[in-house]
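Here is query-v5.txt, consisting of compact mmCIF, C-alpha atoms and all ligand atoms:
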# COMPACT_ATOMS: atom_id res chain seq x y z
CA MET A 213 117.29 87.06 96.48
CA SER A 214 115.22 85.45 93.70
CA LYS A 215 116.91 83.89 90.67
CA LEU A 216 116.97 85.98 87.49
CA PRO A 217 115.05 86.72 85.44
CA LEU A 218 111.59 86.67 86.95
CA LYS A 219 108.42 87.00 84.87
CA ILE A 220 106.17 89.63 86.42
CA TRP A 221 102.73 91.08 85.65
CA LEU A 222 102.49 94.68 86.80
CA THR A 223 99.29 96.75 86.63
CA GLY A 224 99.32 100.55 86.84
CA ALA A 225 102.69 100.46 85.05
CA THR A 226 102.26 103.71 83.10
CA SER A 227 102.66 106.25 85.92
CA GLY A 228 103.84 107.00 89.45
CA ILE A 229 104.71 104.10 91.74
CA GLY A 230 104.02 101.48 89.06
CA LEU A 231 106.31 103.15 86.54
CA ALA A 232 109.10 103.37 89.14
CA VAL A 233 108.58 99.68 90.02
CA LEU A 234 108.72 98.80 86.32
CA GLU A 235 111.99 100.70 85.83
CA LEU A 236 113.57 99.05 88.87
CA LEU A 237 112.49 95.56 87.80
CA VAL A 238 113.89 96.13 84.31
CA ALA A 239 117.18 97.39 85.81
CA GLN A 240 117.34 94.14 87.83
CA GLY A 241 117.00 92.14 84.61
CA HIS A 242 113.42 90.90 85.01
CA HIS A 243 110.73 90.57 82.34
CA VAL A 244 107.59 92.62 82.89
CA ILE A 245 104.16 92.29 81.34
CA ALA A 246 102.99 95.87 81.79
CA THR A 247 99.35 96.94 82.07
CA GLY A 248 97.51 100.27 82.09
CA ARG A 249 94.82 101.86 79.95
CA ASN A 250 97.28 104.14 78.16
CA SER A 251 98.39 101.87 75.30
CA GLU A 252 100.55 104.57 73.68
CA ARG A 253 102.59 104.97 76.87
CA LEU A 254 102.96 101.19 77.15
CA GLU A 255 104.24 100.97 73.57
CA GLN A 256 106.80 103.70 74.33
CA LEU A 257 107.98 101.77 77.37
CA ALA A 258 108.20 98.53 75.37
CA GLU A 259 110.28 100.37 72.78
CA LYS A 260 112.55 101.91 75.42
CA TYR A 261 113.12 98.60 77.25
CA ARG A 262 113.01 96.35 74.21
CA GLY A 263 112.99 92.64 75.01
CA GLN A 264 112.15 93.14 78.68
CA ILE A 265 108.64 94.59 78.52
CA ILE A 266 105.52 93.14 76.97
CA PRO A 267 102.78 95.78 76.75
CA LEU A 268 99.33 94.50 77.74
CA ALA A 269 96.90 97.40 77.62
CA GLY A 270 93.56 97.12 79.37
CA ASP A 271 91.14 98.54 81.88
CA THR A 272 91.14 96.39 85.00
CA THR A 273 87.51 97.36 85.72
CA ASN A 274 86.30 96.12 82.32
CA PRO A 275 85.34 92.40 82.23
CA ASP A 276 86.01 92.09 78.47
CA ASP A 277 89.46 93.65 78.81
CA CYS A 278 90.15 91.33 81.74
CA ALA A 279 89.14 88.25 79.73
CA ARG A 280 91.49 89.34 76.94
CA MET A 281 94.29 90.02 79.43
CA SER A 282 93.77 86.57 81.03
CA GLU A 283 94.25 84.94 77.63
CA ALA A 284 97.33 87.02 76.89
CA LEU A 285 98.83 86.15 80.28
CA ALA A 286 98.12 82.45 79.73
CA SER A 287 99.99 82.62 76.41
CA GLN A 288 103.05 83.99 78.26
CA GLY A 289 103.30 80.98 80.63
CA PRO A 290 103.96 80.82 84.39
CA LEU A 291 104.18 84.07 86.36
CA ASP A 292 106.62 84.51 89.25
CA TRP A 293 105.01 87.68 90.58
CA ALA A 294 101.83 89.65 89.96
CA ILE A 295 101.98 93.21 91.31
CA LEU A 296 98.45 94.65 91.25
CA ASN A 297 99.05 98.35 91.67
CA ALA A 298 96.43 100.02 89.42
CA GLY A 299 94.39 102.37 91.54
CA THR A 300 92.78 105.75 91.88
CA CYS A 301 91.84 108.36 94.48
CA GLU A 302 88.97 110.83 94.58
CA TYR A 303 88.23 112.98 97.61
CA MET A 304 84.69 113.56 98.86
CA ASP A 305 83.19 117.02 99.34
CA VAL A 306 80.58 116.13 101.95
CA SER A 307 78.51 119.23 101.12
CA GLN A 308 77.89 117.52 97.75
CA PHE A 309 77.86 113.95 98.93
CA ASP A 310 78.21 111.68 95.90
CA PRO A 311 77.70 107.92 96.14
CA GLU A 312 78.83 107.53 92.51
CA LEU A 313 82.27 108.76 93.56
CA VAL A 314 82.35 105.94 96.14
CA ALA A 315 81.26 103.43 93.48
CA ARG A 316 83.99 104.59 91.06
CA VAL A 317 86.78 104.37 93.61
CA MET A 318 85.62 101.01 94.98
CA ASN A 319 85.27 99.67 91.44
CA THR A 320 88.84 100.54 90.48
CA ASN A 321 90.60 99.80 93.76
CA VAL A 322 88.68 96.73 94.93
CA VAL A 323 86.70 95.15 92.08
CA GLY A 324 89.36 95.92 89.45
CA THR A 325 92.00 94.35 91.66
CA ALA A 326 89.81 91.27 92.21
CA ARG A 327 89.38 90.95 88.43
CA SER A 328 93.17 91.17 88.08
CA VAL A 329 93.62 88.44 90.70
CA ALA A 330 91.37 86.21 88.58
CA SER A 331 93.58 86.89 85.55
CA ALA A 332 96.83 86.26 87.44
CA LEU A 333 95.97 83.20 89.53
CA PRO A 334 96.15 80.47 86.84
CA MET A 335 99.65 81.55 85.86
CA LEU A 336 100.79 81.93 89.48
CA ARG A 337 99.52 78.38 90.08
CA ALA A 338 101.42 77.23 86.99
CA SER A 339 104.57 78.71 88.51
CA ARG A 340 103.95 76.86 91.78
CA GLU A 341 103.66 73.61 89.85
CA LEU A 342 107.24 74.22 88.72
CA GLY A 343 108.30 74.37 92.39
CA ARG A 344 108.68 78.16 92.58
CA THR A 345 107.24 80.49 95.25
CA PRO A 346 104.87 82.82 93.39
CA MET A 347 104.10 86.21 94.92
CA LEU A 348 100.81 88.09 94.55
CA ALA A 349 101.22 91.71 95.69
CA LEU A 350 98.28 94.07 96.20
CA VAL A 351 99.10 97.77 96.48
CA SER A 352 96.83 99.07 99.22
CA SER A 353 97.60 102.09 101.46
CA SER A 354 98.13 103.00 105.10
CA ALA A 355 95.78 106.01 104.70
CA TRP A 356 92.76 104.09 106.02
CA TRP A 357 94.44 103.50 109.41
CA PHE A 358 93.19 106.97 110.45
CA PRO A 359 89.82 108.55 109.48
CA PHE A 360 91.29 111.32 107.34
CA THR A 361 89.01 114.11 106.18
CA ARG A 362 87.47 113.65 102.68
CA ALA A 363 88.92 110.14 102.40
CA GLU A 364 85.62 108.23 102.83
CA ALA A 365 85.82 106.51 99.46
CA TYR A 366 89.59 106.07 99.15
CA GLY A 367 90.05 104.90 102.75
CA ALA A 368 87.13 102.49 102.52
CA SER A 369 88.48 101.04 99.27
CA LYS A 370 91.94 100.44 100.73
CA ALA A 371 90.54 99.02 103.99
CA ALA A 372 88.51 96.61 101.86
CA LEU A 373 91.51 95.78 99.68
CA THR A 374 93.70 95.07 102.71
CA TYR A 375 91.12 92.72 104.20
CA PHE A 376 90.65 91.09 100.79
CA GLY A 377 94.39 90.49 100.52
CA GLN A 378 94.82 89.14 104.03
CA SER A 379 91.88 86.76 103.65
CA LEU A 380 93.17 85.65 100.25
CA ARG A 381 96.56 85.04 101.88
CA ALA A 382 94.94 82.55 104.25
CA ASP A 383 93.18 80.74 101.41
CA LEU A 384 96.22 80.59 99.11
CA ALA A 385 98.72 79.61 101.81
CA GLY A 386 97.97 75.92 101.28
CA GLU A 387 98.81 76.31 97.58
CA GLY A 388 102.18 77.91 98.33
CA ILE A 389 101.26 81.29 96.81
CA VAL A 390 102.39 84.21 98.98
CA VAL A 391 100.05 87.21 99.16
CA SER A 392 101.76 90.48 100.02
CA VAL A 393 99.79 93.59 101.06
CA VAL A 394 101.70 96.81 100.33
CA SER A 395 100.74 99.82 102.49
CA PRO A 396 102.59 102.97 101.46
CA GLY A 397 102.28 106.39 103.08
CA PHE A 398 102.38 109.48 100.88
CA VAL A 399 104.39 109.05 97.67
CA LYS A 400 105.03 111.84 95.16
CA THR A 401 103.24 110.82 91.94
CA PRO A 402 100.88 112.42 89.39
CA LEU A 403 98.03 111.23 91.65
CA THR A 404 99.26 113.02 94.78
CA ASP A 405 100.45 116.05 92.78
CA LEU A 406 96.72 116.88 92.68
CA ASN A 407 96.51 117.09 96.49
CA ASP A 408 96.11 120.58 97.93
CA PHE A 409 97.12 119.69 101.50
CA ASP A 410 100.40 118.99 103.28
CA MET A 411 101.54 115.39 102.91
CA PRO A 412 103.70 114.41 105.89
CA PHE A 413 106.77 112.23 105.26
CA LEU A 414 106.27 112.34 101.47
CA ILE A 415 108.73 110.05 99.66
CA SER A 416 109.67 109.66 95.99
CA ALA A 417 108.18 107.03 93.70
CA GLU A 418 111.69 105.59 93.29
CA GLU A 419 112.04 105.12 97.07
CA ALA A 420 108.58 103.48 97.17
CA ALA A 421 109.59 101.15 94.33
CA ARG A 422 112.77 100.14 96.19
CA ARG A 423 110.75 99.31 99.31
CA ILE A 424 108.20 97.28 97.33
CA VAL A 425 110.65 95.30 95.20
CA THR A 426 113.04 94.61 98.10
CA GLY A 427 110.10 93.43 100.22
CA LEU A 428 108.91 91.09 97.49
CA HIS A 429 112.40 89.60 97.01
CA LYS A 430 112.31 88.86 100.76
CA GLU A 431 108.83 87.28 100.42
CA ARG A 432 107.39 89.80 102.90
CA ARG A 433 103.64 89.39 103.55
CA GLU A 434 103.26 93.00 104.73
CA ILE A 435 105.27 95.84 103.18
CA GLN A 436 104.67 99.13 105.04
CA PHE A 437 106.60 102.37 104.54
CA PRO A 438 107.88 104.93 105.35
CA LYS A 439 108.17 103.74 108.94
CA ARG A 440 107.97 107.27 110.39
CA PHE A 441 104.49 107.60 108.84
CA THR A 442 103.19 104.07 109.47
CA LEU A 443 104.46 104.06 113.09
CA THR A 444 102.78 107.42 113.74
CA LEU A 445 99.49 106.03 112.41
CA LYS A 446 99.89 102.86 114.48
CA LEU A 447 100.42 104.97 117.62
CA LEU A 448 97.33 107.06 116.78
CA ARG A 449 95.32 103.84 116.56
CA LEU A 450 96.02 103.25 120.25
CA LEU A 451 93.97 106.37 121.16
CA PRO A 452 90.42 105.93 122.46
CA GLN A 453 87.91 106.38 119.60
CA ARG A 454 86.51 109.64 120.96
CA LEU A 455 90.01 111.23 120.90
CA THR A 456 90.56 109.93 117.38
CA ASP A 457 87.20 111.41 116.36
CA ALA A 458 88.06 114.79 117.92
CA LEU A 459 91.44 114.89 116.18
CA ALA A 460 89.94 113.88 112.81
CA ALA A 461 87.17 116.51 113.14
CA SER A 462 89.69 119.24 113.99
CA MET A 463 91.75 118.27 110.92
CA ALA A 464 88.57 118.46 108.80
CA ARG A 465 87.74 121.92 110.22
CA SER A 466 91.24 123.28 109.67
CA GLN A 467 91.26 121.98 106.08
CA SER A 468 87.86 123.50 105.27
CA LYS A 469 89.09 126.85 106.66
CA ASP A 470 91.94 126.72 104.10
CA ASP A 471 89.54 126.00 101.23
CA PRO A 472 88.86 128.79 98.76
CA ALA A 473 85.38 130.25 99.39
N1 LIG B 501 100.87 108.05 95.69
C1 LIG B 501 100.58 107.76 96.95
O1 LIG B 501 100.83 108.55 97.90
C2 LIG B 501 100.00 106.41 97.29
C3 LIG B 501 99.95 106.04 98.63
C4 LIG B 501 99.41 104.81 98.98
C5 LIG B 501 98.94 103.97 98.00
N2 LIG B 501 98.99 104.35 96.69
C6 LIG B 501 98.48 103.42 95.67
O2 LIG B 501 99.49 103.15 94.74
C7 LIG B 501 98.90 102.84 93.47
C8 LIG B 501 99.55 103.71 92.39
O3 LIG B 501 99.27 105.06 92.70
P1 LIG B 501 100.10 106.28 92.07
O4 LIG B 501 100.17 107.31 93.11
O5 LIG B 501 101.32 105.77 91.40
O6 LIG B 501 99.02 106.80 90.99
P2 LIG B 501 99.13 107.21 89.45
O7 LIG B 501 100.42 107.91 89.16
O8 LIG B 501 97.85 107.89 89.13
O9 LIG B 501 99.15 105.78 88.73
C9 LIG B 501 98.00 104.99 88.72
C10 LIG B 501 98.22 103.86 87.74
O10 LIG B 501 97.07 103.02 87.75
C11 LIG B 501 96.63 102.82 86.41
N3 LIG B 501 95.18 102.65 86.42
C12 LIG B 501 94.25 103.41 87.05
N4 LIG B 501 93.02 102.95 86.80
C13 LIG B 501 93.18 101.87 85.99
C14 LIG B 501 92.29 100.97 85.37
N5 LIG B 501 90.96 101.08 85.54
N6 LIG B 501 92.79 99.98 84.59
C15 LIG B 501 94.11 99.86 84.42
N7 LIG B 501 95.02 100.68 84.98
C16 LIG B 501 94.55 101.67 85.75
C17 LIG B 501 97.08 104.07 85.65
O11 LIG B 501 97.31 103.76 84.31
P3 LIG B 501 96.44 104.29 83.05
O12 LIG B 501 96.07 105.73 83.33
O13 LIG B 501 97.36 104.07 81.90
O14 LIG B 501 95.26 103.39 83.04
C18 LIG B 501 98.42 104.35 86.32
O15 LIG B 501 99.44 103.58 85.72
C19 LIG B 501 97.40 103.08 93.64
O16 LIG B 501 96.76 101.85 93.92
C20 LIG B 501 97.34 104.00 94.85
O17 LIG B 501 96.11 103.93 95.53
C21 LIG B 501 99.51 105.55 96.31
Final structure tokens representation of the file:
Amino acid sequence: MSKLPLKIWLTGATSGIGLAVLELLVAQGHHVIATGRNSERLEQLAEKYRGQIIPLAGDTTNPDDCARMSEALASQGPLDWAILNAGTCEYMDVSQFDPELVARVMNTNVVGTARSVASALPMLRASRELGRTPMLALVSSSAWWFPFTRAEAYGASKAALTYFGQSLRADLAGEGIVVSVVSPGFVKTPLTDLNDFDMPFLISAEEAARRIVTGLHKERREIQFPKRFTLTLKLLRLLPQRLTDALAASMARSQSKDDPA
């Protein structure tokens, strides 16, 4: 277990998984620099957890906001952890195929995360210089392990983010910075509350936060949960591609049958 208190930058702290992670970190006595676009919500959180939360509002896809956040982070000194969790999901209706939807999702989930890495790295390096083991966590997803219907943009963004994180892990290993890729299954949050399909093995945001924070304390490079979902997907990946394709197409057909006309 890490020594207390840690200084942590958390993006996507205003809602869902990020908010549950924030509340758990605060309960453990850590200090959190909390980011999201909703500055009012961040101020409320800073008020509620006075002395433990520093609000740092910004849009992780906006280069000017990111430059400002980099400066603010630098003024706070070395970071023990950066948890880059800000993300979005939009499902594709292939009858109205929209490349702008793909661009939006990729921009938030991949480019926005890369911009956040740029903001976090100097202060993670500063922490390493003090002899600590800084952790950089990227919240990806296990959804891309199977070609789910309508998930072209979301799945592609999380596949890209996972590769990005694993490659970055190789390059930062020599500097002693640990990169952790977090791959949750379905978690009940305002984002998934919008879904109109069954979500197998759905867990609470609090349970997801416990799995993430415990994994980071253990310096885990891969944090995947819930096991019943991730193991099922791993087994499905052993199927020949043509069986996978048939299964995915039948799921797409059965979902479109359920759609309102
Ligand atoms: N829920 C699931 O089942 C599930 C499963 C696997 C992975 N994930 C991943 O977990 C992460 C959190 O998802 P969630 O379900 O907790 O969603 P959520 O409740 O919608 O929360 C998303 C968070 O990201 C922030 N955010 C979004 N775009 C941003 C931007 N451009 N700049 C700064 N902050 C931004 C939002 O804050 P503001 O609105 O204040 O900007 C919010 O705090 C995402 O990366 C998601 O892909 C979720």
Hey, could you pull the box centre and edge lengths for stretch 306-312 of chain A, axis-aligned, 8 Å padding per side, all listed atoms, to one decimal in Å, as JSON?
{"center_x": 79.1, "center_y": 113.4, "center_z": 97.2, "size_x": 18.9, "size_y": 27.7, "size_z": 25.4}
(message) 9 Å from ligand LIG 501 (chain B) is the threshold here; counting all atoms listed in the file, which polymer residues fall inside it? Answer as an MDAnalysis selection string.
(response) chainID A and resid 223:232 247:254 269:274 296:301 319:321 324 350:355 366 369:370 394:405 411 414:417
(message) Between A:Leu445, A:Val317, A:Ile220, A:Leu336, which residue has the minimum interatomic distance to A:Leu373, considering only C-alpha atoms?
(response)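 Distance minimum relative to A:Leu373 lands on A:Val317.
Atom to atom, atom CA of A:Lys219 and atom CA of A:Arg432 stand 18.3 Å apart.
What separates atom CA of A:Gln264 from atom CA of A:Trp221 is a distance of 11.9 Å.
For the choices A:Arg422, A:Leu443, A:Asp305, A:Ala371, the atom-to-atom distance to A:Gln467 is smallest for A:Asp305 when using only C-alpha atoms.
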(request) Rank nothing, just name the residue among A:Leu451, A:Phe309, A:His243, A:Thr325 nearest to A:Gly377, using only C-alpha atoms. (result)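 Looking at the shortest contact to A:Gly377, the residue is A:Thr325.
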(request) Provide the atom CA of A:Ala338 to atom CA of A:Pro267 distance in Å, to one decimal place. (result)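 Spanning atom CA of A:Ala338 to atom CA of A:Pro267 is a straight-line distance of 21.2 Å.
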(message) Nearest residue to A:Lys469 out of A:Ala294, A:Phe409, A:Glu387, A:Ala286, using all atoms listed in the file?
(response)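 Checking each of A:Ala294, A:Phe409, A:Glu387, A:Ala286 against A:Lys469, counting all atoms listed in the file, the winner is A:Phe409.
All polymer residues at most 12 Å from (106.1, 76.8, 94.1), using all atoms listed in the file, appear as Pro290, Leu291, Asp292, Trp293, Met335, Leu336, Arg337, Ala338, Ser339, Arg340, Glu341, Leu342, Gly343, Arg344, Thr345, Pro346, Met347, Leu384, Ala385, Gly386, Glu387, Gly388, Ile389 and Val390 of chain A.
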(request) Would you please work out which residue, of A:Ala365, A:Ala246, A:Leu236, A:Leu348, is nearest to A:Val314 when using all atoms listed in the file? (result) A:Ala365
Hey, can you pull every residue with an atom no more than 12 Å from (104.8, 104.5, 114.3), using all atoms listed in the file, and send it as an mmCIF file with C-alpha atoms, keeping the file's coordinate frame?
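File result_38.cif, as written:
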data_model
loop_
_atom_site.group_PDB
_atom_site.id
_atom_site.type_symbol
_atom_site.label_atom_id
_atom_site.label_comp_id
_atom_site.auth_asym_id
_atom_site.auth_seq_id
_atom_site.Cartn_x
_atom_site.Cartn_y
_atom_site.Cartn_z
ATOM 1 C CA SER A 354 98.130 103.000 105.100
ATOM 2 C CA TRP A 357 94.440 103.500 109.410
ATOM 3 C CA GLY A 397 102.280 106.390 103.080
ATOM 4 C CA GLN A 436 104.670 99.130 105.040
ATOM 5 C CA PHE A 437 106.600 102.370 104.540
ATOM 6 C CA PRO A 438 107.880 104.930 105.350
ATOM 7 C CA LYS A 439 108.170 103.740 108.940
ATOM 8 C CA ARG A 440 107.970 107.270 110.390
ATOM 9 C CA PHE A 441 104.490 107.600 108.840
ATOM 10 C CA THR A 442 103.190 104.070 109.470
ATOM 11 C CA LEU A 443 104.460 104.060 113.090
ATOM 12 C CA THR A 444 102.780 107.420 113.740
ATOM 13 C CA LEU A 445 99.490 106.030 112.410
ATOM 14 C CA LYS A 446 99.890 102.860 114.480
ATOM 15 C CA LEU A 447 100.420 104.970 117.620
ATOM 16 C CA LEU A 448 97.330 107.060 116.780
ATOM 17 C CA ARG A 449 95.320 103.840 116.560
ATOM 18 C CA LEU A 450 96.020 103.250 120.250
#
Stretch 328-416 of chain A from the block above, C-alpha atoms, as a tab-separated table (two decimals), in the first residue's frame, please?
chain	number	residue	atom	x	y	z
A	328	SER	CA	-3.67	14.97	-20.78
A	329	VAL	CA	-0.60	12.71	-20.82
A	330	ALA	CA	1.42	15.71	-22.05
A	331	SER	CA	0.11	17.77	-19.12
A	332	ALA	CA	0.79	15.06	-16.55
A	333	LEU	CA	4.20	13.76	-17.63
A	334	PRO	CA	6.44	16.59	-16.33
A	335	MET	CA	4.97	16.27	-12.84
A	336	LEU	CA	5.10	12.45	-12.90
A	337	ARG	CA	8.78	12.76	-13.86
A	338	ALA	CA	9.28	15.21	-11.00
A	339	SER	CA	7.85	12.60	-8.65
A	340	ARG	CA	10.23	9.96	-10.01
A	341	GLU	CA	13.14	12.29	-9.32
A	342	LEU	CA	12.11	12.15	-5.65
A	343	GLY	CA	12.48	8.35	-5.77
A	344	ARG	CA	8.75	7.55	-5.92
A	345	THR	CA	6.99	5.19	-8.36
A	346	PRO	CA	4.57	7.37	-10.32
A	347	MET	CA	1.52	5.74	-11.91
A	348	LEU	CA	-0.15	6.88	-15.13
A	349	ALA	CA	-3.55	5.21	-15.52
A	350	LEU	CA	-5.58	5.34	-18.73
A	351	VAL	CA	-9.24	4.33	-18.47
A	352	SER	CA	-9.91	2.30	-21.61
A	353	SER	CA	-12.58	-0.44	-21.90
A	354	SER	CA	-12.93	-4.15	-22.61
A	355	ALA	CA	-15.79	-3.43	-25.06
A	356	TRP	CA	-13.47	-3.46	-28.09
A	357	TRP	CA	-12.46	-7.10	-27.46
A	358	PHE	CA	-15.62	-8.14	-29.36
A	359	PRO	CA	-17.09	-6.38	-32.45
A	360	PHE	CA	-20.27	-5.19	-30.73
A	361	THR	CA	-23.03	-3.75	-32.87
A	362	ARG	CA	-23.04	0.09	-33.23
A	363	ALA	CA	-19.73	0.35	-31.35
A	364	GLU	CA	-17.55	1.24	-34.38
A	365	ALA	CA	-16.41	4.57	-32.97
A	366	TYR	CA	-16.30	3.73	-29.26
A	367	GLY	CA	-14.60	0.36	-29.77
A	368	ALA	CA	-12.05	1.81	-32.18
A	369	SER	CA	-11.24	4.63	-29.75
A	370	LYS	CA	-10.67	2.24	-26.85
A	371	ALA	CA	-8.64	-0.20	-28.99
A	372	ALA	CA	-6.47	2.76	-29.98
A	373	LEU	CA	-6.22	3.98	-26.39
A	374	THR	CA	-5.19	0.54	-25.14
A	375	TYR	CA	-2.45	0.25	-27.76
A	376	PHE	CA	-1.36	3.82	-26.99
A	377	GLY	CA	-1.08	2.97	-23.29
A	378	GLN	CA	0.78	-0.29	-23.78
A	379	SER	CA	3.27	1.31	-26.17
A	380	LEU	CA	3.73	4.25	-23.79
A	381	ARG	CA	4.34	1.72	-21.01
A	382	ALA	CA	7.29	0.34	-22.95
A	383	ASP	CA	8.75	3.79	-23.55
A	384	LEU	CA	8.30	5.02	-19.97
A	385	ALA	CA	9.52	1.82	-18.29
A	386	GLY	CA	13.12	3.04	-18.41
A	387	GLU	CA	12.08	6.20	-16.55
A	388	GLY	CA	10.39	4.22	-13.78
A	389	ILE	CA	6.88	5.50	-14.59
A	390	VAL	CA	4.27	2.72	-14.52
A	391	VAL	CA	1.52	2.90	-17.13
A	392	SER	CA	-1.68	1.12	-16.16
A	393	VAL	CA	-4.43	0.36	-18.70
A	394	VAL	CA	-7.86	0.02	-17.07
A	395	SER	CA	-10.40	-2.11	-18.97
A	396	PRO	CA	-13.81	-2.12	-17.29
A	397	GLY	CA	-16.89	-4.01	-18.47
A	398	PHE	CA	-20.29	-2.37	-18.08
A	399	VAL	CA	-20.53	0.07	-15.16
A	400	LYS	CA	-23.73	1.86	-14.13
A	401	THR	CA	-23.11	5.58	-14.73
A	402	PRO	CA	-24.94	8.52	-16.39
A	403	LEU	CA	-23.19	7.45	-19.63
A	404	THR	CA	-24.53	3.88	-19.62
A	405	ASP	CA	-27.92	4.99	-18.24
A	406	LEU	CA	-28.49	6.15	-21.85
A	407	ASN	CA	-28.07	2.61	-23.22
A	408	ASP	CA	-31.25	0.92	-24.44
A	409	PHE	CA	-29.86	-2.63	-24.45
A	410	ASP	CA	-29.13	-5.25	-21.80
A	411	MET	CA	-25.73	-4.79	-20.18
A	412	PRO	CA	-24.43	-8.14	-18.92
A	413	PHE	CA	-22.61	-8.23	-15.57
A	414	LEU	CA	-23.29	-4.53	-14.91
A	415	ILE	CA	-21.50	-3.30	-11.77
A	416	SER	CA	-21.78	-0.10	-9.73
